[in-house]
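Shown next: my_file-v1.cif, containing mmCIF, C-alpha atoms.
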```cif
data_upload
#
loop_
_atom_site.group_PDB
_atom_site.id
_atom_site.type_symbol
_atom_site.label_atom_id
_atom_site.label_comp_id
_atom_site.auth_asym_id
_atom_site.auth_seq_id
_atom_site.Cartn_x
_atom_site.Cartn_y
_atom_site.Cartn_z
ATOM 1 C CA MET A 1 95.361 -24.293 -106.345
ATOM 2 C CA CYS A 2 92.699 -22.397 -104.454
ATOM 3 C CA HIS A 3 91.716 -19.051 -105.921
ATOM 4 C CA LYS A 4 91.973 -16.305 -103.273
ATOM 5 C CA LYS A 5 89.918 -13.548 -104.955
ATOM 6 C CA PHE A 6 87.485 -13.916 -102.055
ATOM 7 C CA ASN A 7 87.626 -15.419 -98.571
ATOM 8 C CA THR A 8 87.268 -19.085 -99.460
ATOM 9 C CA ASP A 9 87.292 -20.190 -95.824
ATOM 10 C CA ILE A 10 84.022 -18.374 -95.108
ATOM 11 C CA TYR A 11 82.293 -20.001 -98.070
ATOM 12 C CA ILE A 12 83.656 -23.444 -97.237
ATOM 13 C CA GLU A 13 82.256 -23.003 -93.706
ATOM 14 C CA LYS A 14 78.874 -21.904 -95.086
ATOM 15 C CA SER A 15 78.854 -24.944 -97.324
ATOM 16 C CA LYS A 16 79.826 -27.289 -94.470
ATOM 17 C CA GLU A 17 77.100 -25.836 -92.261
ATOM 18 C CA ALA A 18 74.496 -26.273 -94.988
ATOM 19 C CA PHE A 19 75.633 -29.843 -95.589
ATOM 20 C CA GLU A 20 75.682 -30.763 -91.900
ATOM 21 C CA SER A 21 72.169 -29.380 -91.488
ATOM 22 C CA SER A 22 71.082 -31.406 -94.536
ATOM 23 C CA VAL A 23 72.380 -34.599 -92.916
ATOM 24 C CA ILE A 24 70.464 -33.799 -89.717
ATOM 25 C CA CYS A 25 67.299 -33.106 -91.726
ATOM 26 C CA GLY A 26 67.674 -36.340 -93.691
ATOM 27 C CA LYS A 27 68.255 -38.446 -90.594
ATOM 28 C CA ASN A 28 65.091 -36.964 -89.080
ATOM 29 C CA ASN A 29 63.005 -37.577 -92.229
ATOM 30 C CA PHE A 30 62.748 -33.885 -93.144
ATOM 31 C CA PHE A 31 63.528 -34.628 -96.772
ATOM 32 C CA ASN A 32 62.287 -31.331 -98.234
ATOM 33 C CA SER A 33 64.609 -29.423 -95.909
ATOM 34 C CA TRP A 34 67.361 -31.915 -96.703
ATOM 35 C CA ALA A 35 66.962 -31.188 -100.429
ATOM 36 C CA ASN A 36 67.259 -27.450 -99.877
ATOM 37 C CA ARG A 37 70.315 -27.568 -97.608
ATOM 38 C CA ALA A 38 72.132 -30.283 -99.609
ATOM 39 C CA TYR A 39 71.703 -28.350 -102.845
ATOM 40 C CA TYR A 40 72.979 -25.084 -101.371
ATOM 41 C CA SER A 41 75.956 -26.834 -99.852
ATOM 42 C CA PHE A 42 77.012 -28.208 -103.222
ATOM 43 C CA TYR A 43 76.049 -24.996 -105.033
ATOM 44 C CA ILE A 44 78.487 -23.012 -102.876
ATOM 45 C CA LEU A 45 81.273 -25.529 -103.537
ATOM 46 C CA SER A 46 80.495 -25.426 -107.251
ATOM 47 C CA SER A 47 80.688 -21.623 -107.208
ATOM 48 C CA ILE A 48 84.167 -21.864 -105.679
ATOM 49 C CA PHE A 49 85.100 -24.421 -108.325
ATOM 50 C CA MET A 50 83.965 -22.072 -111.095
ATOM 51 C CA GLU A 51 86.067 -19.259 -109.661
ATOM 52 C CA ASN A 52 89.055 -21.617 -109.456
ATOM 53 C CA LEU A 53 88.617 -22.410 -113.148
ATOM 54 C CA GLY A 54 88.740 -18.681 -113.843
ATOM 55 C CA ILE A 55 85.209 -18.616 -115.213
ATOM 56 C CA GLU A 56 83.679 -15.196 -114.768
ATOM 57 C CA PRO A 57 80.096 -15.568 -113.637
ATOM 58 C CA GLN A 58 77.423 -14.263 -115.954
ATOM 59 C CA GLY A 59 74.750 -12.847 -113.738
ATOM 60 C CA LYS A 60 76.181 -12.724 -110.233
ATOM 61 C CA HIS A 61 73.624 -12.057 -107.539
ATOM 62 C CA GLY A 62 73.939 -8.457 -106.355
ATOM 63 C CA ASP A 63 77.104 -7.695 -104.399
ATOM 64 C CA SER A 64 77.922 -11.311 -103.631
ATOM 65 C CA GLU A 65 81.492 -12.409 -104.137
ATOM 66 C CA ILE A 66 81.033 -15.826 -105.689
ATOM 67 C CA TYR A 67 77.417 -16.712 -106.252
ATOM 68 C CA TYR A 68 76.252 -17.486 -109.749
ATOM 69 C CA LYS A 69 72.770 -17.811 -111.135
ATOM 70 C CA HIS A 70 71.705 -21.410 -110.595
ATOM 71 C CA SER A 71 71.150 -22.185 -114.270
ATOM 72 C CA GLN A 72 74.480 -20.552 -115.159
ATOM 73 C CA ILE A 73 76.554 -22.708 -112.861
ATOM 74 C CA ILE A 74 74.908 -25.923 -114.082
ATOM 75 C CA LYS A 75 75.367 -24.835 -117.709
ATOM 76 C CA GLN A 76 79.030 -23.938 -117.175
ATOM 77 C CA LEU A 77 79.762 -27.173 -115.307
ATOM 78 C CA SER A 78 78.064 -29.138 -118.071
ATOM 79 C CA PHE A 79 80.252 -27.393 -120.654
ATOM 80 C CA ARG A 80 83.411 -28.090 -118.631
ATOM 81 C CA MET A 81 82.359 -31.678 -118.048
ATOM 82 C CA LYS A 82 82.285 -32.381 -121.798
ATOM 83 C CA ALA A 83 85.914 -31.263 -122.058
ATOM 84 C CA ASP A 84 87.248 -32.872 -118.884
ATOM 85 C CA LYS A 85 87.230 -36.678 -118.710
ATOM 86 C CA LYS A 86 87.671 -36.700 -114.923
ATOM 87 C CA LEU A 87 84.598 -34.540 -114.393
ATOM 88 C CA LYS A 88 82.627 -36.483 -116.985
ATOM 89 C CA LYS A 89 83.458 -39.814 -115.378
ATOM 90 C CA LEU A 90 82.522 -38.582 -111.902
ATOM 91 C CA LYS A 91 79.284 -36.955 -113.070
ATOM 92 C CA VAL A 92 79.860 -33.697 -111.189
ATOM 93 C CA CYS A 93 77.234 -31.812 -113.157
ATOM 94 C CA ARG A 94 74.674 -34.560 -112.681
ATOM 95 C CA ILE A 95 75.095 -34.447 -108.894
ATOM 96 C CA LEU A 96 74.470 -30.713 -108.838
ATOM 97 C CA ASN A 97 71.612 -30.931 -111.354
ATOM 98 C CA ASP A 98 69.862 -33.714 -109.404
ATOM 99 C CA LEU A 99 70.212 -31.740 -106.183
ATOM 100 C CA TYR A 100 68.895 -28.631 -107.941
ATOM 101 C CA ASN A 101 65.831 -30.469 -109.279
ATOM 102 C CA ASN A 102 65.083 -31.895 -105.834
ATOM 103 C CA ARG A 103 65.476 -28.451 -104.272
ATOM 104 C CA VAL A 104 63.015 -26.915 -106.728
ATOM 105 C CA ILE A 105 60.448 -29.633 -105.953
ATOM 106 C CA ALA A 106 61.028 -29.269 -102.213
ATOM 107 C CA ASP A 107 60.788 -25.484 -102.209
ATOM 108 C CA TYR A 108 58.107 -24.795 -104.806
ATOM 109 C CA SER A 109 55.916 -27.826 -105.499
ATOM 110 C CA SER A 110 52.640 -28.057 -103.606
ATOM 111 C CA ASP A 111 51.821 -31.557 -104.782
ATOM 112 C CA ARG A 112 55.188 -33.312 -104.601
ATOM 113 C CA VAL A 113 57.610 -33.948 -101.791
ATOM 114 C CA ILE A 114 61.102 -35.325 -101.707
ATOM 115 C CA ALA A 115 61.051 -38.942 -100.667
ATOM 116 C CA GLU A 116 63.617 -40.880 -98.700
ATOM 117 C CA ARG A 117 64.609 -42.712 -101.906
ATOM 118 C CA GLU A 118 66.130 -39.482 -103.267
ATOM 119 C CA PHE A 119 68.096 -38.978 -100.076
ATOM 120 C CA ILE A 120 69.427 -42.537 -100.355
ATOM 121 C CA ARG A 121 69.940 -42.452 -104.155
ATOM 122 C CA LEU A 122 72.096 -39.352 -104.002
ATOM 123 C CA GLY A 123 74.161 -40.759 -101.152
ATOM 124 C CA MET A 124 73.752 -37.739 -98.933
ATOM 125 C CA LYS A 125 73.633 -39.607 -95.654
ATOM 126 C CA SER A 126 77.040 -38.647 -94.371
ATOM 127 C CA GLU A 127 79.801 -36.123 -94.581
ATOM 128 C CA ASP A 128 81.588 -38.520 -96.931
ATOM 129 C CA ALA A 129 79.498 -37.162 -99.811
ATOM 130 C CA PHE A 130 80.601 -33.630 -99.001
ATOM 131 C CA LYS A 131 84.265 -34.641 -98.788
ATOM 132 C CA GLU A 132 83.985 -36.611 -102.018
ATOM 133 C CA TYR A 133 82.548 -33.615 -103.868
ATOM 134 C CA ILE A 134 85.354 -31.400 -102.549
ATOM 135 C CA SER A 135 87.822 -33.977 -103.861
ATOM 136 C CA ILE A 136 86.060 -34.331 -107.222
ATOM 137 C CA ILE A 137 86.082 -30.620 -107.928
ATOM 138 C CA GLY A 138 89.653 -30.277 -106.691
ATOM 139 C CA ILE A 139 89.411 -27.725 -103.899
ATOM 140 C CA GLU A 140 90.964 -29.783 -101.097
ATOM 141 C CA ASP A 141 93.638 -27.123 -100.729
ATOM 142 C CA CYS A 142 90.939 -24.585 -99.857
ATOM 143 C CA ILE A 143 90.079 -26.393 -96.641
#
```

Rewrite the coordinates I just gave you, this time as C-alpha coordinates.
Amino acid sequence: MCHKKFNTDIYIEKSKEAFESSVICGKNNFFNSWANRAYYSFYILSSIFMENLGIEPQGKHGDSEIYYKHSQIIKQLSFRMKADKKLKKLKVCRILNDLYNNRVIADYSSDRVIAEREFIRLGMKSEDAFKEYISIIGIEDCI
(Lines of atoms letter the chains of each structure in order from A and count residues from 1; the text may use other names and numbers.)
(Lines give C-alpha, C1' and ligand atoms only; values in the text may rest on other atoms or scores of the structure.)
Protein backbone atom coordinates (compact mmCIF):
# COMPACT_ATOMS: atom_id res chain seq x y z
CA MET A 1 0.00 0.00 0.00
CA CYS A 2 1.28 3.45 -0.86
CA HIS A 3 1.56 5.86 2.05
CA LYS A 4 -0.29 9.11 1.27
CA LYS A 5 1.21 11.40 3.94
CA PHE A 6 2.69 13.41 1.07
CA ASN A 7 2.02 13.71 -2.65
CA THR A 8 3.73 10.55 -3.85
CA ASP A 9 3.00 11.28 -7.51
CA ILE A 10 5.19 14.39 -7.47
CA TYR A 11 8.12 12.50 -5.97
CA ILE A 12 7.71 9.57 -8.35
CA GLU A 13 7.82 12.07 -11.24
CA LYS A 14 10.94 13.73 -9.80
CA SER A 15 12.55 10.32 -9.50
CA LYS A 16 11.57 9.33 -13.06
CA GLU A 17 12.95 12.60 -14.42
CA ALA A 18 16.23 12.11 -12.57
CA PHE A 19 16.48 8.54 -13.83
CA GLU A 20 15.65 9.43 -17.43
CA SER A 21 18.29 12.16 -17.38
CA SER A 22 20.78 9.65 -15.96
CA VAL A 23 20.12 7.30 -18.88
CA ILE A 24 20.69 10.15 -21.35
CA CYS A 25 23.92 11.11 -19.58
CA GLY A 26 25.15 7.51 -19.57
CA LYS A 27 24.38 6.98 -23.24
CA ASN A 28 26.35 10.14 -24.04
CA ASN A 29 29.34 9.11 -21.88
CA PHE A 30 28.70 11.74 -19.20
CA PHE A 31 29.27 9.21 -16.44
CA ASN A 32 29.80 11.69 -13.59
CA SER A 33 26.43 13.28 -14.35
CA TRP A 34 24.94 9.81 -14.73
CA ALA A 35 26.15 8.89 -11.23
CA ASN A 36 24.57 11.99 -9.71
CA ARG A 37 21.18 11.64 -11.42
CA ALA A 38 20.95 7.84 -10.98
CA TYR A 39 21.68 8.11 -7.26
CA TYR A 40 19.08 10.84 -6.68
CA SER A 41 16.49 8.89 -8.61
CA PHE A 42 16.93 5.86 -6.38
CA TYR A 43 17.33 8.00 -3.25
CA ILE A 44 13.89 9.54 -3.82
CA LEU A 45 12.33 6.09 -4.32
CA SER A 46 14.08 4.84 -1.19
CA SER A 47 12.72 7.80 0.78
CA ILE A 48 9.20 6.85 -0.32
CA PHE A 49 9.91 3.25 0.67
CA MET A 50 11.01 4.35 4.14
CA GLU A 51 7.82 6.36 4.59
CA ASN A 52 5.79 3.34 3.46
CA LEU A 53 7.50 1.25 6.13
CA GLY A 54 6.43 3.85 8.68
CA ILE A 55 10.01 4.75 9.55
CA GLU A 56 10.21 8.30 10.82
CA PRO A 57 13.24 9.99 9.34
CA GLN A 58 15.93 11.09 11.74
CA GLY A 59 17.27 14.31 10.36
CA LYS A 60 14.93 15.38 7.59
CA HIS A 61 16.26 18.17 5.42
CA GLY A 62 14.52 21.42 6.33
CA ASP A 63 10.85 21.59 5.36
CA SER A 64 11.00 18.72 2.89
CA GLU A 65 8.25 16.15 3.07
CA ILE A 66 10.18 12.94 2.56
CA TYR A 67 13.89 13.47 2.24
CA TYR A 68 16.19 11.78 4.69
CA LYS A 69 19.85 12.35 5.37
CA HIS A 70 21.77 10.17 2.94
CA SER A 71 23.58 8.14 5.59
CA GLN A 72 20.31 7.67 7.51
CA ILE A 73 18.43 6.12 4.62
CA ILE A 74 21.27 3.71 3.82
CA LYS A 75 21.57 2.76 7.51
CA GLN A 76 17.82 2.20 7.86
CA LEU A 77 17.62 0.16 4.65
CA SER A 78 20.56 -1.93 5.81
CA PHE A 79 18.79 -2.60 9.11
CA ARG A 80 15.55 -3.55 7.32
CA MET A 81 17.45 -5.71 4.85
CA LYS A 82 18.82 -7.91 7.66
CA ALA A 83 15.26 -8.64 8.80
CA ASP A 84 13.63 -9.05 5.39
CA LYS A 85 14.77 -11.99 3.25
CA LYS A 86 13.28 -10.50 0.07
CA LEU A 87 15.25 -7.28 0.47
CA LYS A 88 18.38 -9.16 1.46
CA LYS A 89 18.19 -11.43 -1.56
CA LEU A 90 17.66 -8.52 -3.95
CA LYS A 91 20.42 -6.41 -2.41
CA VAL A 92 18.35 -3.22 -2.24
CA CYS A 93 20.72 -1.52 0.17
CA ARG A 94 23.75 -2.43 -1.91
CA ILE A 95 22.24 -0.83 -5.02
CA LEU A 96 21.63 2.42 -3.17
CA ASN A 97 25.02 2.31 -1.41
CA ASP A 98 26.90 1.69 -4.68
CA LEU A 99 25.04 4.55 -6.34
CA TYR A 100 25.78 6.78 -3.35
CA ASN A 101 29.51 5.99 -3.46
CA ASN A 102 29.63 6.70 -7.19
CA ARG A 103 27.76 9.97 -6.68
CA VAL A 104 30.23 11.11 -4.02
CA ILE A 105 33.17 10.36 -6.34
CA ALA A 106 31.45 12.07 -9.26
CA ASP A 107 30.50 15.18 -7.30
CA TYR A 108 33.46 15.68 -4.99
CA SER A 109 36.59 13.87 -6.19
CA SER A 110 39.08 15.88 -8.22
CA ASP A 111 41.24 12.92 -9.13
CA ARG A 112 38.68 10.21 -9.89
CA VAL A 113 35.87 9.96 -12.38
CA ILE A 114 33.11 7.46 -12.85
CA ALA A 115 33.97 5.07 -15.63
CA GLU A 116 31.68 3.35 -18.07
CA ARG A 117 32.27 0.06 -16.22
CA GLU A 118 30.29 1.39 -13.24
CA PHE A 119 27.43 2.40 -15.50
CA ILE A 120 27.40 -1.10 -17.01
CA ARG A 121 28.01 -2.94 -13.69
CA LEU A 122 25.06 -1.30 -12.00
CA GLY A 123 22.80 -2.00 -14.96
CA MET A 124 21.59 1.55 -15.30
CA LYS A 125 21.33 1.58 -19.07
CA SER A 126 17.57 1.51 -19.34
CA GLU A 127 14.35 2.28 -17.59
CA ASP A 128 14.15 -1.41 -16.69
CA ALA A 129 16.46 -0.75 -13.73
CA PHE A 130 14.14 1.96 -12.46
CA LYS A 131 11.07 -0.27 -12.84
CA GLU A 132 12.86 -3.15 -11.16
CA TYR A 133 13.77 -1.01 -8.15
CA ILE A 134 10.17 0.18 -7.85
CA SER A 135 9.11 -3.47 -7.87
CA ILE A 136 11.78 -4.52 -5.36
CA ILE A 137 10.82 -1.90 -2.82
CA GLY A 138 7.12 -2.55 -3.36
CA ILE A 139 5.74 0.82 -4.42
CA GLU A 140 4.16 -0.20 -7.72
CA ASP A 141 0.81 0.97 -6.40
CA CYS A 142 2.22 4.49 -6.06
CA ILE A 143 2.63 4.84 -9.81

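Taking atom CA of A:Ser47 as the reference point, atom CA of A:Ile73 is found at 7.1 Å.
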
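Comparing the minimum interatomic distances between A:Leu45 and each of A:Glu132, A:Asp98, A:Asp84, A:Asp107, counting only C-alpha atoms, we find that A:Glu132 sits nearest.
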
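For the file at hand, the PyMOL selection byres ((chain A and resi 78) around 12) resolves to Ser46, Met50, Ser71, Gln72, Ile73, Ile74, Lys75, Gln76, Leu77, Phe79, Arg80, Met81, Lys82, Ala83, Asp84, Lys85, Leu87, Lys88, Lys91, Val92, Cys93, Arg94, Ile95, Leu96 and Asn97 of chain A.
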
As JSON, please report the centre and edge lengths, rounded to one decimal in Å, of the axis-aligned box that holds all listed atoms of stretch 7-13 of chain A with 4 Å of padding on each of the six sides.
```
{"center_x": 84.9, "center_y": -19.4, "center_z": -96.6, "size_x": 13.4, "size_y": 16.0, "size_z": 13.8}
```

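Residue neighbourhood of stretch 36-43 of chain A, excluding near-sequence residues (fewer than 6 positions): Ser15, Lys16, Ala18, Phe19, Ser21, Ser22, Leu96, Leu99, Tyr100, Arg103 and Ala106 of chain A, at 7 Å, using all atoms listed in the file.
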
* Which of these residues is nearest to A:Glu51, using all atoms listed in the file: A:Phe30, A:Asn7, A:Asp111, A:Arg117? -> A:Asn7

* Asked: What does the distance from atom CA of A:Arg112 to atom CA of A:Lys14 come to in Å, to one decimal?
  -> 28.0 Å

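Ranking A:Ser135, A:Ser109, A:Asn28, A:Asn102 by their shortest atom-to-atom distance to A:Leu122, with all atoms listed in the file included, puts A:Asn102 first.
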
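Every polymer residue reaching to within 9 Å of (67.8, -38.0, -101.7), counting all atoms listed in the file, appears in this list: Gly26, Phe31, Trp34, Ala35, Leu99, Asn102, Ile114, Ala115, Glu116, Arg117, Glu118, Phe119, Ile120, Arg121, Leu122, Gly123, Met124 and Lys125 of chain A.
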
* Asked: Distance atom CA of A:Val104-atom CA of A:Gly54, one decimal place?
  -> 27.9 Å

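Each of A:Asn101, A:Glu17, A:Ile55, A:Asn32 was checked against A:His70 using only C-alpha atoms; the smallest atom-to-atom distance is that of A:Asn101.
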
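Among the candidate residues A:Ile134, A:Ser33, A:Asn52, A:Val23, the one lying nearest to A:Val113 is A:Ser33, with distances computed using only C-alpha atoms.
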